[in-house]
Every structure is written in structure tokens, then in C-alpha cells.
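Asker: Supplied in C-alpha cells, the structure appears directly below.
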Amino acid sequence: MGIGTASTESRLDADVKRSVDALQAELIAAKDESERYRRITEERGVIMGRLRDERDGYRLEWEAVSAELRRLTRQRPAVISDNGAVRPSGNGHDATALRNSPPSTLRVLCVGTGRDGTTSLTRMMQEVFDNQGNGDRAVHEWASSELNGLFCELKETNDPRFADQIRQMILDCPHACVVGNGYAAVLPIIAELLGDQVTLVHLRRRDRAACIASLVENAELSPQNHVYYADSPAALRKRPTAFHFGEMSRQQWMGLSPADKFGWYYDKTHALIERYKSLFPNTLSVDTEDLNADSVRLALAHAAGSTEAPRPFHVNRFVDLRHVPADRRSFVQRLLGQLDVQKLAYDDLYGLRQVLNEMIYHLAHFPDAAPGAVDELRWTLTEMHDLLERRIRDVRELMERVGVTPEQPNGHDAPQAINGAHVSH
């Protein structure tokens with residue numbers, strides 16, 4: 001092979017190498033551009049999610065404050081008694097007959113015994129409202145202990161003022177949906193006032209023995225709402241019993257075991273719902289064990305006027321409070337017992353939001369009657385502030401590593417947010 005031929009082959013090899021190198025460079029650049037676009041898309045999704053969360057949070061807060069303002073400024077009318085006479089309402093002032101004005105927003109009432117899926121059902125109903133985007137709220141155990149207590153006082157004293165207070169409380173309900181116990185005994189009053197606009201959902205746990213065992217354990221660990229059921233000085237609020245319905249004497253009731261008491265309670269609650277459901281034009285019966293079935297979730301959506309079924313919810317069922325100090329059980333139960341495990345699995349920020357929300361709620365309702373409680377609260381708030389400051393610095397460092405510039409606060413939002421949580425002294 002001649003010198004000219006070798007030189008030509010060398011040039012061809014060099015040309016091919018340059019072409020290959022150029023092609024590889026273009027591929028690398030295209031890959032980098034694709035990766036950059038993917039990062040931008042992900043960051044945009046995170047930012048939009050955060051903005052939606054903030055928007056929804058502000059909207060719910062505004063709705064709650066507006067409803068409370070309407071409730072506090074509403075004139076309290078009197079009630080017409082059974083014999084036609086006008087009685088003063090709970091505030092002692094004579095006025096016209098009790099009116100539902102402005103109208104209560106309640107339109108879905110879900111009633112069970114408790115320990116039967118009410119937390120999951122509340123989450124489902126809230127998602128239905130969120131999908132509708134109208135700002136309606138589903139609330140777990142709204143005024144349940146208050147209504148239980150008022151019903152007991154009415155039966156124990158025969159004082160009609162307690163019936164007036166029950167009626168006024170129902171008319172004041174600011175929520176579109178309430179879920180829980182405490183409503184079965186007063187269903188006739190609810191039907192009388194709001195029956196034409198309310199869909200009654202009867203929630204029943206088929207496993208009666210498991211429900212009763214859970215109720216017994218809950219009364220033992222959290223006795224606050226279990227006067228007549230829990231033998232504890234911490235029991236403060238009353239719950240209806242067999243002697244309130246004339247089915248046995250108080251002495252006979254107090255001689256029952258906790259399991260027998262809650263066995264009666266389980267049976268009586270469901271008997272009352274079945275007895276009074278004919279007072280409501282729209283009803284739905286749901287077994288706890290079927291809550292995640294497609295047909296049940298769609299029926300729940302229809303009850304709220306929607307065609308979009310909520311997702312199944314799986315709250316954290318593995319909270320053992322037996323080894324938690326009594327004064328900490330409420331906080332631990334709120335923090336862990338309501339965790340949506342499914343949402344925790346796919347939303348990286350859900351767990352953080354849940355913990356922070358519950359911590360702020362806990363500190364805003366910190367008991368301050370005990371000696372030294374305010375000093376303890378101040379110490380906890382200081383430590384919490386320092387901890388968050390340190391972790392914020394860590395977050396900013398991570399953001400800088402990936403080329404994200406942290407947004408600077410305007411210096412006004414944070415104090416307003418802090419002042420929004422009321423801490424009594």
C-alpha cells in the first residue's frame with residue numbers, strides 16, 4: 001500500500017472519529033437538556049402543590065372563621081314549647097320562635113358508635129368536598145360530647161332548657177358534614193329541624209365483639225368522655241346509658257361490666273338509628289368493613305351531591321396507647337391515630353404537614369392551669385423554634401446544592417400566622 005493510500009485512510013479515520021465525537025456530544029447535550037427539563041417539571045409540580053396546599057389552608061381557615069363569626073353574631077331566638085308557649089332560649093332573652101336563619105349548612109350526617117371507621121369516613125367525605133372545590137367541610141365528632149351531655153341532662157332533670165340548647169346547637173352547625181357518635185339519641189330533633197336537607201348515613205361495624213372491645217379499651221385509655229362508663233376521676237362528660245331510657249335503674253347500670261355497658265351502647269345506638277331513619281327522606285347504610293368498596297365510595301359521593309368517588313383511606317390502626325402517659329394520650333392519638341397511611345406513601349410532604357399541624361394545634365391548646373405550665377410552654381416553643389431554624393438551614397443547603405434559590409419571606413406573613421394560633425394564659 002502506497003503512502004498516498006495510507007494518508008487517505010488516516011484522514012477518513014480522523015473524519016469518522018470527529019463525526020462520532022460530535023454525535024456523542026450532541027447526544028450528551030440532548031440528555032442533559034432532557035434531565036434539566038425533567039427537574040424543572042418536578043420542581044414546578046412541587047411548587048404548584050405547595051401553592052394549592054396554602055390556598056386550601058387559607059380557604060378553610062377563612063370559612064371556619066366566617067362561620068364562627070356568623071354563629072357568634074346571630075340573634076338567639078326563643079323556642080315554642082309543646083303547649084304552644086314561647087320559652088326563652090338558652091341566653092335567657094325572649095324573642096320570636098326558633099328559626100333556622102341563616103340556614104344550617106349541614107347536609108350529610110354520618111352516625112355510628114365510634115371505633116367503627118368514623119375517621120376514615122370523615123376523610124372520604126372531605127375529599128368529596130375538596131373535589132367539588134366549594135370549601136365545604138366534613139368534621140369528625142363535631143359537638144358529639146356536648147350533645148351527649150345535653151341529652152343526659154335533659155333526661156336527668158326534665159329541664160326543657162336543655163332541649164332548647166340541643167336545638168340551637170344543631171341550627172348553629174356550620175359544617176356540610178359531621179361524622180361520629182353523639183347524634184343517635186337526638187335524631188328526632190335533627191329531623192325536625194333539618195330533615196328535609198340532610199342525608200342520614202348509618203355506619204355500622206359488623207364485627208360487634210371487636211367494636212365493643214375497642215370501645216372498652218378507648219374508655220380505659222381516654223376516659224374524658226365516658227362518665228357512667230369509665231371508673232375514673234378523669235371522666236368528665238356524660239354519655240347516654242340504659243337508665244336514661246328507662247331500661248334499668250342507675251344502680252343496675254353501675255353494676256354492669258364495661259363490656260356489658262358498651263354492648264348495650266352498641267345495640268342501642270344502632271337501634272335508635274334504625275328507628276329514626278324513616279324521619280329522613282334520604283338515608284344510606286354502610287358497614288365499616290365495606291368502606292373502601294367502589295360502590296360504597298360512589299354512594300357516599302352521591303350523598304354529598306357529587307359523582308366523583310373519593311379514594312380509599314387507610315388510617316394508622318397501630319397506635320397502642322396503653323404505655324403512653326394519660327396526659328399525653330390525646331396528643332399521641334391525634335398525631336398518629338389519624339395518619340392516612342396511603343397518602344403518606346405517595347406524598348413526601350404529607351407527613352411533615354401532619355406533624356407540624358398537630359404540633360401547632362397541641363401547643364395552641366396547651367393546658368395552662370397547672371403550676372409551671374406556662375413556663376413549660378415557653379421552653380417548648382423556644383426549643384421548637386430553634387429546631388425548625390436548624391432544619392431550615394439544612395433545607396436551604398440542599399436547595400443550593402441542586403441550584404434552587406430559596407424564596408425570601410416578606411417579613412409580614414410569619415407573625416400573622418403565629419398570631420393566628422391563640423394560646424390562652
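Convention: chains lettered A, B, ... in C-alpha cells order; per-chain residue numbering from 1; ligands numbered from 1 as shown.
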Report as a PyMOL selection string: the residues of range 120-210 of chain A with a DSSP assignment of helix (DSSP H, G or I), based on the backbone of this structure.

Answerer: chain A and resi 120-132+144-157+160-171+184-194+208-210

Asker: I need the residues in range 247-318 of chain A that are strand (DSSP E or B) according to DSSP; give them as a PyMOL selection string.

Answerer: chain A and resi 282-287+315

Asker: Would you mind exporting all heavy atoms of the selected residues as a PDB file, in the first residue's frame?

Answerer:
ATOM      1  N   ASN A 282     -83.718  10.884  52.828  1.00  0.00           N
ATOM      2  CA  ASN A 282     -82.584  10.241  52.165  1.00  0.00           C
ATOM      3  C   ASN A 282     -81.704   9.574  53.215  1.00  0.00           C
ATOM      4  O   ASN A 282     -81.229  10.231  54.150  1.00  0.00           O
ATOM      5  CB  ASN A 282     -81.759  11.264  51.382  1.00  0.00           C
ATOM      6  CG  ASN A 282     -82.574  11.945  50.305  1.00  0.00           C
ATOM      7  OD1 ASN A 282     -83.177  11.303  49.458  1.00  0.00           O
ATOM      8  ND2 ASN A 282     -82.619  13.274  50.352  1.00  0.00           N
ATOM      9  N   THR A 283     -81.477   8.268  53.070  1.00  0.00           N
ATOM     10  CA  THR A 283     -80.648   7.515  54.015  1.00  0.00           C
ATOM     11  C   THR A 283     -79.722   6.573  53.255  1.00  0.00           C
ATOM     12  O   THR A 283     -79.983   6.200  52.108  1.00  0.00           O
ATOM     13  CB  THR A 283     -81.510   6.697  54.995  1.00  0.00           C
ATOM     14  OG1 THR A 283     -82.272   5.727  54.264  1.00  0.00           O
ATOM     15  CG2 THR A 283     -82.441   7.594  55.792  1.00  0.00           C
ATOM     16  N   LEU A 284     -78.663   6.184  53.925  1.00  0.00           N
ATOM     17  CA  LEU A 284     -77.682   5.266  53.362  1.00  0.00           C
ATOM     18  C   LEU A 284     -77.109   4.445  54.507  1.00  0.00           C
ATOM     19  O   LEU A 284     -76.741   4.999  55.544  1.00  0.00           O
ATOM     20  CB  LEU A 284     -76.564   6.031  52.644  1.00  0.00           C
ATOM     21  CG  LEU A 284     -75.377   5.219  52.107  1.00  0.00           C
ATOM     22  CD1 LEU A 284     -75.846   4.295  50.988  1.00  0.00           C
ATOM     23  CD2 LEU A 284     -74.285   6.169  51.597  1.00  0.00           C
ATOM     24  N   SER A 285     -77.046   3.126  54.346  1.00  0.00           N
ATOM     25  CA  SER A 285     -76.472   2.243  55.354  1.00  0.00           C
ATOM     26  C   SER A 285     -75.144   1.704  54.842  1.00  0.00           C
ATOM     27  O   SER A 285     -75.061   1.198  53.710  1.00  0.00           O
ATOM     28  CB  SER A 285     -77.421   1.083  55.669  1.00  0.00           C
ATOM     29  OG  SER A 285     -78.606   1.563  56.271  1.00  0.00           O
ATOM     30  N   VAL A 286     -74.107   1.811  55.674  1.00  0.00           N
ATOM     31  CA  VAL A 286     -72.756   1.413  55.282  1.00  0.00           C
ATOM     32  C   VAL A 286     -72.146   0.589  56.401  1.00  0.00           C
ATOM     33  O   VAL A 286     -72.194   0.970  57.573  1.00  0.00           O
ATOM     34  CB  VAL A 286     -71.862   2.653  55.014  1.00  0.00           C
ATOM     35  CG1 VAL A 286     -70.432   2.227  54.709  1.00  0.00           C
ATOM     36  CG2 VAL A 286     -72.429   3.487  53.883  1.00  0.00           C
ATOM     37  N   ASP A 287     -71.576  -0.552  56.046  1.00  0.00           N
ATOM     38  CA  ASP A 287     -70.812  -1.335  57.007  1.00  0.00           C
ATOM     39  C   ASP A 287     -69.353  -0.901  56.962  1.00  0.00           C
ATOM     40  O   ASP A 287     -68.795  -0.678  55.869  1.00  0.00           O
ATOM     41  CB  ASP A 287     -70.896  -2.828  56.688  1.00  0.00           C
ATOM     42  CG  ASP A 287     -72.249  -3.422  57.049  1.00  0.00           C
ATOM     43  OD1 ASP A 287     -73.019  -2.729  57.745  1.00  0.00           O
ATOM     44  OD2 ASP A 287     -72.535  -4.551  56.634  1.00  0.00           O
ATOM     45  N   VAL A 315     -56.300   4.737  57.584  1.00  0.00           N
ATOM     46  CA  VAL A 315     -55.665   5.464  58.675  1.00  0.00           C
ATOM     47  C   VAL A 315     -54.798   4.514  59.474  1.00  0.00           C
ATOM     48  O   VAL A 315     -54.906   3.292  59.380  1.00  0.00           O
ATOM     49  CB  VAL A 315     -56.709   6.131  59.596  1.00  0.00           C
ATOM     50  CG1 VAL A 315     -57.496   7.161  58.834  1.00  0.00           C
ATOM     51  CG2 VAL A 315     -57.640   5.087  60.204  1.00  0.00           C
TER      52      VAL A 315
END

Asker: One decimal, Å: what's the distance from CA of Lys155 in chain A over to CA of Val216 in chain A, could you say?

Answerer: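 Atom-to-atom, CA of Lys155 in chain A to CA of Val216 in chain A, that is 24.2 Å.
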
Asker: Applying 7 Å and only C-alpha atoms, which residues near Pro310 in chain A remain after dropping the ones on its own chain fewer than 6 positions away? List them as a PDB file with all heavy atoms, in the first residue's frame.

Answerer:
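Final file, around_9.pdb:
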ATOM      1  N   MET A 124     -62.889  10.600  53.748  1.00  0.00           N
ATOM      2  CA  MET A 124     -63.515  10.384  52.442  1.00  0.00           C
ATOM      3  C   MET A 124     -64.471  11.520  52.084  1.00  0.00           C
ATOM      4  O   MET A 124     -64.452  12.037  50.959  1.00  0.00           O
ATOM      5  CB  MET A 124     -64.274   9.055  52.452  1.00  0.00           C
ATOM      6  CG  MET A 124     -63.407   7.821  52.462  1.00  0.00           C
ATOM      7  SD  MET A 124     -64.413   6.314  52.399  1.00  0.00           S
ATOM      8  CE  MET A 124     -63.118   5.072  52.388  1.00  0.00           C
ATOM      9  N   GLU A 127     -62.674  14.606  51.091  1.00  0.00           N
ATOM     10  CA  GLU A 127     -62.135  14.555  49.725  1.00  0.00           C
ATOM     11  C   GLU A 127     -63.231  14.813  48.700  1.00  0.00           C
ATOM     12  O   GLU A 127     -62.980  15.451  47.664  1.00  0.00           O
ATOM     13  CB  GLU A 127     -61.480  13.198  49.458  1.00  0.00           C
ATOM     14  CG  GLU A 127     -60.909  13.115  48.053  1.00  0.00           C
ATOM     15  CD  GLU A 127     -59.931  11.980  47.883  1.00  0.00           C
ATOM     16  OE1 GLU A 127     -58.873  11.994  48.532  1.00  0.00           O
ATOM     17  OE2 GLU A 127     -60.229  11.078  47.078  1.00  0.00           O
ATOM     18  N   VAL A 128     -64.442  14.331  48.958  1.00  0.00           N
ATOM     19  CA  VAL A 128     -65.561  14.634  48.058  1.00  0.00           C
ATOM     20  C   VAL A 128     -65.753  16.141  47.952  1.00  0.00           C
ATOM     21  O   VAL A 128     -65.877  16.701  46.856  1.00  0.00           O
ATOM     22  CB  VAL A 128     -66.855  13.957  48.559  1.00  0.00           C
ATOM     23  CG1 VAL A 128     -68.057  14.441  47.732  1.00  0.00           C
ATOM     24  CG2 VAL A 128     -66.744  12.446  48.463  1.00  0.00           C
ATOM     25  N   ARG A 297     -68.080   3.938  48.104  1.00  0.00           N
ATOM     26  CA  ARG A 297     -67.470   5.256  47.951  1.00  0.00           C
ATOM     27  C   ARG A 297     -68.252   6.117  46.963  1.00  0.00           C
ATOM     28  O   ARG A 297     -68.394   7.331  47.160  1.00  0.00           O
ATOM     29  CB  ARG A 297     -66.008   5.105  47.515  1.00  0.00           C
ATOM     30  CG  ARG A 297     -65.126   4.541  48.624  1.00  0.00           C
ATOM     31  CD  ARG A 297     -63.645   4.485  48.253  1.00  0.00           C
ATOM     32  NE  ARG A 297     -63.370   3.435  47.295  1.00  0.00           N
ATOM     33  CZ  ARG A 297     -63.004   3.631  46.040  1.00  0.00           C
ATOM     34  NH1 ARG A 297     -62.885   4.880  45.572  1.00  0.00           N
ATOM     35  NH2 ARG A 297     -62.754   2.616  45.229  1.00  0.00           N
TER      36      ARG A 297
END

Asker: Counting only C-alpha atoms, what is within 10 Å of Ala184 in chain A, bar same-chain residues fewer than 5 positions away, as an mmCIF file with C-alpha atoms, in the first residue's frame?

Answerer:
data_model
loop_
_atom_site.group_PDB
_atom_site.id
_atom_site.type_symbol
_atom_site.label_atom_id
_atom_site.label_comp_id
_atom_site.auth_asym_id
_atom_site.auth_seq_id
_atom_site.Cartn_x
_atom_site.Cartn_y
_atom_site.Cartn_z
ATOM 1 C CA CYS A 110 -72.964 10.114 59.424
ATOM 2 C CA VAL A 111 -73.790 8.334 62.689
ATOM 3 C CA GLY A 112 -72.147 5.355 64.363
ATOM 4 C CA THR A 113 -70.850 4.227 67.738
ATOM 5 C CA LEU A 147 -74.865 16.743 72.580
ATOM 6 C CA ASN A 148 -74.369 13.568 74.613
ATOM 7 C CA ILE A 190 -82.281 16.895 63.902
ATOM 8 C CA HIS A 202 -75.831 4.803 59.195
ATOM 9 C CA LYS A 268 -78.951 0.852 71.429
ATOM 10 C CA THR A 269 -77.116 3.209 69.077
ATOM 11 C CA HIS A 270 -77.910 1.119 66.017
ATOM 12 C CA ALA A 271 -81.498 0.507 67.199
ATOM 13 C CA LEU A 272 -82.059 4.268 67.532
ATOM 14 C CA ILE A 273 -80.661 4.955 64.068
ATOM 15 C CA GLU A 274 -82.861 2.253 62.534
ATOM 16 C CA ARG A 275 -85.873 3.549 64.449
ATOM 17 C CA TYR A 276 -85.486 7.172 63.376
ATOM 18 C CA LYS A 277 -84.097 6.829 59.854
#

Asker: Excluding Pro312 in chain A and any residue of its chain fewer than 4 positions from it, enumerate the residues within 9 Å of it, using only C-alpha atoms, and give them as a ChimeraX atom specification.

Answerer: /A:120,124,291-294,297,342

Asker: Output the selection as an mmCIF file, in the first residue's frame - N, CA, C and O atoms for each residue.

Answerer:
data_model
loop_
_atom_site.group_PDB
_atom_site.id
_atom_site.type_symbol
_atom_site.label_atom_id
_atom_site.label_comp_id
_atom_site.auth_asym_id
_atom_site.auth_seq_id
_atom_site.Cartn_x
_atom_site.Cartn_y
_atom_site.Cartn_z
ATOM 1 N N SER A 120 -61.889 7.456 59.012
ATOM 2 C CA SER A 120 -61.732 7.207 57.576
ATOM 3 C C SER A 120 -62.891 7.796 56.790
ATOM 4 O O SER A 120 -62.706 8.394 55.724
ATOM 5 N N MET A 124 -62.889 10.600 53.748
ATOM 6 C CA MET A 124 -63.515 10.384 52.442
ATOM 7 C C MET A 124 -64.471 11.520 52.084
ATOM 8 O O MET A 124 -64.452 12.037 50.959
ATOM 9 N N LEU A 291 -66.169 0.028 53.653
ATOM 10 C CA LEU A 291 -65.962 1.450 53.365
ATOM 11 C C LEU A 291 -65.153 1.678 52.098
ATOM 12 O O LEU A 291 -65.379 2.658 51.380
ATOM 13 N N ASN A 292 -64.207 0.812 51.802
ATOM 14 C CA ASN A 292 -63.336 1.029 50.651
ATOM 15 C C ASN A 292 -63.863 0.421 49.356
ATOM 16 O O ASN A 292 -63.203 0.505 48.318
ATOM 17 N N ALA A 293 -65.040 -0.203 49.409
ATOM 18 C CA ALA A 293 -65.628 -0.760 48.196
ATOM 19 C C ALA A 293 -66.000 0.361 47.226
ATOM 20 O O ALA A 293 -66.446 1.437 47.631
ATOM 21 N N ASP A 294 -65.830 0.097 45.937
ATOM 22 C CA ASP A 294 -66.109 1.123 44.919
ATOM 23 C C ASP A 294 -67.551 1.622 45.003
ATOM 24 O O ASP A 294 -67.808 2.828 44.936
ATOM 25 N N ARG A 297 -68.080 3.938 48.104
ATOM 26 C CA ARG A 297 -67.470 5.256 47.951
ATOM 27 C C ARG A 297 -68.252 6.117 46.963
ATOM 28 O O ARG A 297 -68.394 7.331 47.160
ATOM 29 N N GLN A 342 -51.970 5.594 53.294
ATOM 30 C CA GLN A 342 -51.874 5.600 51.842
ATOM 31 C C GLN A 342 -51.309 6.926 51.339
ATOM 32 O O GLN A 342 -50.426 6.952 50.474
#

Asker: Could you work out how far CA of Thr199 in chain A lies from CA of Gln165 in chain A, giving the answer in Å with one decimal?

Answerer: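 Separation of CA of Gln165 in chain A and CA of Thr199 in chain A: 22.7 Å.
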
Asker: Report, in Å to a single decimal, how far apart CA of Thr122 in chain A and CA of Val139 in chain A are.

Answerer: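 Between these atoms lies a distance of 6.4 Å.
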
Asker: For Ser295 in chain A, find every residue with an atom within 12 Å (counting only C-alpha atoms), except residues of its own chain fewer than 5 positions away, and show them as a PyMOL selection string.

Answerer: chain A and resi 286+290+300-302+307-312

Asker: Go ahead and write the selection's residues with C-alpha atoms as a PDB file, in the first residue's frame.

Answerer:
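Once everything was written out, this is result-v7.pdb:
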ATOM      1  CA  VAL A 286     -72.756   1.413  55.282  1.00  0.00           C
ATOM      2  CA  ASP A 290     -67.092  -2.189  53.178  1.00  0.00           C
ATOM      3  CA  LEU A 300     -71.057   8.444  49.659  1.00  0.00           C
ATOM      4  CA  ALA A 301     -70.167  10.877  46.884  1.00  0.00           C
ATOM      5  CA  HIS A 302     -73.786  10.867  45.688  1.00  0.00           C
ATOM      6  CA  THR A 307     -70.348  11.860  41.031  1.00  0.00           C
ATOM      7  CA  GLU A 308     -66.615  11.633  41.787  1.00  0.00           C
ATOM      8  CA  ALA A 309     -65.900   8.888  44.311  1.00  0.00           C
ATOM      9  CA  PRO A 310     -63.236   9.552  46.973  1.00  0.00           C
ATOM     10  CA  ARG A 311     -60.126   7.416  47.246  1.00  0.00           C
ATOM     11  CA  PRO A 312     -59.972   4.606  49.815  1.00  0.00           C
TER      12      PRO A 312
END

Asker: Need the shell around Glu289 in chain A: protein/DNA/RNA residues with any atom at most 9 Å away, counting only C-alpha atoms. Skip same-chain ones fewer than 6 positions apart. Format as JSON, numbers by chain?

Answerer: {"A": [116, 117, 204, 205, 206, 207]}
